[in-house]
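Participant: This is the structure I want to talk about, given as structure tokens.
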Amino acid sequence: MNIENVIGLLSPADRAKVAAALVPFKKQRADKLHERDFTGYLLTFESHERLDPFIQIVSLLTDAEYWKQVREVWMMAEVVEPYKKIWLHLFQSKRPGRELLMTDADRRAFAAMPDEIKIWRGCGDKAGVRGLSWTTDKSRAAFFSNYAGGVRRGALTGRCGRSQIVASAVCRKADVLALFTERGESEIVLNPAHLHALEISPICPGNGQVGANRNHKKKVLT
């Protein structure tokens, strides 16, 4: 729930007090934008609510600033699925300077990868399998599968995964839009249209292990 939703629950008198208190904050936001401090401007929004304000300032950004902000806003985006087409458009931009999307460490790690890459994705259910965010680390995929069934995820999306799964697939290195190594996630971003050999396995309740229950079988998705 964002601040506008919270304010809407207040009495008229309390809403007026909050509005008055927000005046300096709104001025600070405007000043950041005027000073071209785009990082500072976006930091005035909740971490998971920065996509819309970013889109609104895209035309103001240099190519270098664009790719830097795509990276930073993506890193903070906790809910991607409803905005998949927007994110694909951003990542597939023809603007120069695309190499700035990844750090030196990212680029070194990516250069060392094979032409075909084994990847995993943790989801709350099968509906989320064909997403943009994958990882080369199976254990991280299991972590995010369990996260998908948690309280925060439910608060952000209005739903929690009830049958958490981990999907595995293979992708071509040439189809990868970005590799992000921050936070130890080894995150692969790609258009899910380029997934190959896609399979899903359940997360066994209580232990977070992928496909450990012999009664569960992997399902190949075509």
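Identifiers in the structure tokens: chain A, B, ... in order shown; residue index from 1 per chain; ligand index from 1 in order shown.
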Need the shell around Ser47 in chain A: protein/DNA/RNA residues with any atom at most 10 Å away, counting only C-alpha atoms. Skip same-chain ones fewer than 3 positions apart. Format as number ranges by chain?

Facilitator: A: 42-44, 50-51, 72-78

Participant: Could the residues in this selection be written to a file with C-alpha atoms, as a CSV table (one decimal), in the first residue's frame?

Facilitator:
```csv
chain,number,residue,atom,x,y,z
A,42,LEU,CA,13.9,8.2,-7.6
A,43,LEU,CA,15.0,7.5,-4.1
A,44,THR,CA,12.2,9.7,-2.9
A,50,ARG,CA,10.0,3.6,-9.0
A,51,LEU,CA,9.1,2.3,-12.4
A,72,GLU,CA,19.0,0.6,-10.4
A,73,VAL,CA,15.2,0.6,-10.8
A,74,TRP,CA,15.2,-3.0,-11.8
A,75,MET,CA,17.3,-4.0,-8.8
A,76,MET,CA,14.6,-2.5,-6.5
A,77,ALA,CA,11.6,-3.8,-8.4
A,78,GLU,CA,9.9,-6.5,-6.4
```

Participant: Apply DSSP to the backbone of this structure and, from range 49-197 of chain A, keep only the residues in alpha helix (DSSP H); write these as a ChimeraX atom specification.

Facilitator: /A:51-57,63-76,84-91,104-111,138-147,151-157

Participant: For CA of Glu182 in chain A and CA of Pro82 in chain A, quote the distance in Å rounded to one decimal.

Facilitator: 24.0 Å

Participant: With range 114-124 of chain A as the partner and 12 Å as the cut-off, tabulate the residues of range 180-201 of chain A that qualify, each row holding the nearest pair of atoms and their distance in Å to one decimal, using only C-alpha atoms, sorted by chain and rising number, as a tab-separated table.

Facilitator:
```
residue	atom	partner	partner_atom	distance
A:Glu185	CA	A:Trp120	CA	11.2
A:Ser186	CA	A:Ile119	CA	9.7
A:Glu187	CA	A:Ile119	CA	9.1
A:Ile188	CA	A:Ile119	CA	7.8
A:Val189	CA	A:Ile119	CA	10.4
A:Leu190	CA	A:Ile119	CA	10.8
A:Pro192	CA	A:Arg121	CA	11.2
A:His194	CA	A:Glu116	CA	11.6
A:Leu195	CA	A:Ile119	CA	9.4
A:His196	CA	A:Lys118	CA	9.6
A:Ala197	CA	A:Lys118	CA	9.6
A:Leu198	CA	A:Trp120	CA	9.4
A:Glu199	CA	A:Trp120	CA	9.4
A:Ile200	CA	A:Arg121	CA	9.1
A:Ser201	CA	A:Gly122	CA	9.7
```

Participant: Please, could you write that set of residues out with C-alpha atoms as a short mmCIF file (atom, residue, chain, number, x, y, z; two decimals), in the first residue's frame?

Facilitator:
```cif
data_model
loop_
_atom_site.label_atom_id
_atom_site.label_comp_id
_atom_site.auth_asym_id
_atom_site.auth_seq_id
_atom_site.Cartn_x
_atom_site.Cartn_y
_atom_site.Cartn_z
CA GLU A 185 22.11 -13.66 -7.03
CA SER A 186 23.74 -14.31 -10.42
CA GLU A 187 20.59 -12.96 -12.04
CA ILE A 188 19.94 -13.56 -15.72
CA VAL A 189 17.44 -11.24 -17.42
CA LEU A 190 15.97 -12.43 -20.70
CA PRO A 192 11.05 -15.77 -21.78
CA HIS A 194 13.94 -17.54 -25.68
CA LEU A 195 13.68 -20.25 -23.01
CA HIS A 196 14.47 -23.84 -24.01
CA ALA A 197 14.01 -27.20 -22.25
CA LEU A 198 11.72 -25.62 -19.66
CA GLU A 199 10.75 -27.82 -16.71
CA ILE A 200 9.15 -27.25 -13.31
CA SER A 201 9.69 -28.99 -9.98
#
```
